[in-house]
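Quick look at protein-v9.tsv (TSV, C-alpha atoms):
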```
chain	number	residue	atom	x	y	z
A	1102	MET	CA	2.69	51.80	44.97
A	1103	ASN	CA	-0.16	53.03	42.89
A	1104	THR	CA	2.00	52.99	39.72
A	1105	ALA	CA	2.94	49.35	40.34
A	1106	TRP	CA	-0.71	48.35	40.26
A	1107	MET	CA	-1.24	50.33	37.07
A	1108	ASP	CA	1.77	48.71	35.38
A	1109	MET	CA	0.49	45.26	36.34
A	1110	ALA	CA	-3.00	46.07	35.04
A	1111	ALA	CA	-1.54	47.39	31.78
A	1112	GLY	CA	0.48	44.16	31.36
A	1113	ARG	CA	-2.62	42.05	31.91
A	1114	GLY	CA	-4.56	44.14	29.42
A	1115	ALA	CA	-1.90	43.63	26.76
A	1116	LEU	CA	-1.90	39.91	27.47
A	1117	GLY	CA	-5.68	39.80	27.14
A	1118	ILE	CA	-5.58	41.68	23.85
A	1119	GLY	CA	-2.82	39.35	22.58
A	1120	LEU	CA	-4.96	36.29	23.44
A	1121	ILE	CA	-7.96	37.77	21.66
A	1122	VAL	CA	-5.89	38.52	18.54
A	1123	ALA	CA	-4.46	34.96	18.59
A	1124	GLY	CA	-8.00	33.55	18.90
A	1125	VAL	CA	-9.19	35.61	15.94
A	1126	VAL	CA	-6.23	34.37	13.86
A	1127	VAL	CA	-7.00	30.73	14.73
A	1128	VAL	CA	-10.68	31.15	13.83
A	1129	ALA	CA	-9.71	32.83	10.53
A	1130	LEU	CA	-7.37	29.93	9.69
A	1131	LEU	CA	-10.09	27.37	10.47
A	1132	LEU	CA	-12.62	29.21	8.31
A	1133	GLY	CA	-10.08	29.44	5.47
A	1134	ALA	CA	-9.38	25.69	5.69
A	1135	PHE	CA	-13.12	24.97	5.59
A	1136	VAL	CA	-13.63	27.16	2.51
A	1137	LEU	CA	-10.63	25.54	0.77
A	1138	GLY	CA	-12.04	22.07	1.55
A	1139	VAL	CA	-15.42	23.00	0.07
A	1140	ARG	CA	-13.75	24.28	-3.13
A	1141	ILE	CA	-11.70	21.10	-3.51
A	1142	LYS	CA	-14.80	18.92	-2.91
A	1143	ARG	CA	-16.70	20.78	-5.65
A	1144	ARG	CA	-13.94	20.00	-8.19
A	1145	GLU	CA	-14.05	16.23	-7.51
A	1146	LEU	CA	-15.97	13.88	-9.76
A	1147	PRO	CA	-19.38	12.82	-8.45
A	1148	THR	CA	-19.76	9.34	-6.97
A	1149	PRO	CA	-20.74	6.75	-9.60
A	1150	ARG	CA	-24.39	5.87	-10.00
A	1151	PRO	CA	-25.49	2.21	-9.58
A	1152	GLU	CA	-25.58	1.63	-13.34
A	1153	GLU	CA	-21.98	2.89	-13.59
A	1154	GLN	CA	-20.65	0.34	-11.10
A	1155	PRO	CA	-18.42	-2.53	-12.35
A	1156	ARG	CA	-20.21	-5.72	-13.37
A	1157	LEU	CA	-19.18	-9.39	-13.37
A	1158	PRO	CA	-18.07	-10.77	-16.74
A	1159	ASP	CA	-20.64	-12.82	-18.67
A	1160	GLY	CA	-18.64	-16.00	-17.96
A	1161	GLY	CA	-18.86	-15.44	-14.20
A	1162	PRO	CA	-16.10	-14.55	-11.76
A	1163	VAL	CA	-12.50	-15.16	-12.75
A	1164	ARG	CA	-10.93	-17.97	-10.73
A	1165	GLU	CA	-7.34	-18.47	-9.67
A	1166	VAL	CA	-5.40	-21.17	-11.51
A	1167	SER	CA	-2.94	-23.15	-9.43
A	1168	GLU	CA	-0.41	-25.29	-11.26
A	1169	ARG	CA	3.19	-26.41	-10.87
A	1170	ARG	CA	5.77	-24.67	-13.07
A	1171	GLU	CA	9.26	-25.78	-14.09
A	1172	PRO	CA	12.00	-23.57	-12.66
A	1173	GLU	CA	14.20	-21.45	-14.91
A	1174	GLU	CA	17.94	-21.88	-14.47
A	1175	VAL	CA	19.94	-18.83	-13.53
A	1176	PRO	CA	22.82	-18.37	-16.00
A	1177	ARG	CA	26.28	-18.80	-14.48
A	1178	SER	CA	28.80	-16.07	-15.14
A	1179	GLN	CA	32.06	-14.69	-13.78
A	1180	ASP	CA	30.55	-11.20	-13.91
A	1181	ARG	CA	27.91	-9.80	-11.68
A	1182	LEU	CA	24.44	-10.79	-12.90
A	1183	THR	CA	22.12	-7.84	-13.37
A	1184	PRO	CA	18.32	-8.04	-13.73
A	1185	HIS	CA	18.28	-6.97	-17.39
A	1186	ARG	CA	20.42	-10.00	-18.27
A	1187	LEU	CA	17.82	-12.41	-16.85
A	1188	LYS	CA	14.91	-13.76	-18.86
A	1189	ALA	CA	11.45	-12.54	-18.01
A	1190	HIS	CA	10.23	-14.16	-14.83
A	1191	GLY	CA	6.84	-15.37	-13.66
A	1192	ASN	CA	4.34	-17.12	-15.90
A	1193	VAL	CA	5.88	-15.66	-19.06
A	1194	SER	CA	9.04	-17.77	-19.14
A	1195	SER	CA	8.37	-20.76	-16.90
A	1196	ARG	CA	6.97	-23.92	-18.43
A	1197	ARG	CA	4.12	-26.02	-17.08
A	1198	SER	CA	5.46	-29.06	-15.23
A	1199	ALA	CA	4.66	-32.51	-16.62
A	1200	SER	CA	3.73	-33.72	-13.13
A	1201	GLN	CA	1.03	-31.66	-11.47
A	1202	GLU	CA	1.21	-33.69	-8.24
A	1203	ARG	CA	1.85	-31.53	-5.23
A	1204	PRO	CA	4.95	-32.36	-3.17
A	1205	ARG	CA	4.13	-33.88	0.22
A	1206	TRP	CA	6.10	-34.20	3.41
A	1207	ASP	CA	8.03	-37.43	3.84
A	1208	GLU	CA	6.67	-39.63	6.59
A	1209	GLY	CA	8.86	-39.36	9.70
A	1210	SER	CA	10.52	-36.13	8.57
A	1211	SER	CA	10.08	-32.83	10.32
A	1212	GLY	CA	10.08	-31.04	6.99
A	1213	SER	CA	12.61	-28.44	8.06
A	1214	PHE	CA	16.31	-28.13	7.41
A	1215	GLY	CA	18.25	-29.39	10.40
A	1216	GLY	CA	15.11	-30.67	12.08
A	1217	GLY	CA	16.80	-33.89	13.20
A	1218	GLY	CA	14.82	-36.21	10.96
A	1219	PRO	CA	16.39	-39.08	9.03
A	1220	GLY	CA	16.51	-37.00	5.85
A	1221	GLY	CA	14.54	-36.88	2.68
A	1222	ARG	CA	15.07	-38.33	-0.75
```
Would you encode the structure as C-alpha cells?
Amino acid sequence: MNTAWMDMAAGRGALGIGLIVAGVVVVALLLGAFVLGVRIKRRELPTPRPEEQPRLPDGGPVREVSERREPEEVPRSQDRLTPHRLKAHGNVSSRRSASQERPRWDEGSSGSFGGGGPGGR
C-alpha cells in the first residue's frame, strides 16, 4: 500500500514538471514573437510627416462626370466570342450620346419586366 502512494506521487510530480516545461515553452514562443514583431516594425518606413501628405490639385477637387454614352454593338459570329476579339470597353470606345436627357419611367408603368403594366414604347 505504501508503494501505491509513492507511484501516485511520482506520477503527479512528472505531470507537474511537464506542465512547467510546457509553460516555459509557451513563454519562450511569446517572447520570440514579440522580438520578431519589434524587428519587423523597425524595418518599416516611418509614418509620413504633415508636409509629406497628399494635397488637393490647384484646380480643386476632381469631380465625377456623368453623361450618357452610345452602346457598342457586339459582333455576331458563328464561333465563340472571346474577350480579346472585342473592342476596348468603357469610356475608351463608347461615343457620347447626342441626347443627354436621362430616361424616365413611363407614366402608369411599373418599370419592371412582367410588372403587369400596359407596356412601354
| said: So the first atom is CA of Val1125 in chain A and the second is CA of Leu1137 in chain A; what is the distance between them in Å, to one decimal place? | reply: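 One can read the CA of Val1125 in chain A to CA of Leu1137 in chain A distance as 18.3 Å.
Those residues that approach range 1165-1179 of chain A to within 6 Å, counting all atoms listed in the file, are Ser1195, Arg1196, Arg1197, Ser1198 and Gln1201 of chain A; same-chain residues fewer than 2 positions away are not listed.
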| What does the distance between CA of Gly1114 in chain A and CA of Val1127 in chain A come to in Å, to one decimal place? | 20.0 Å
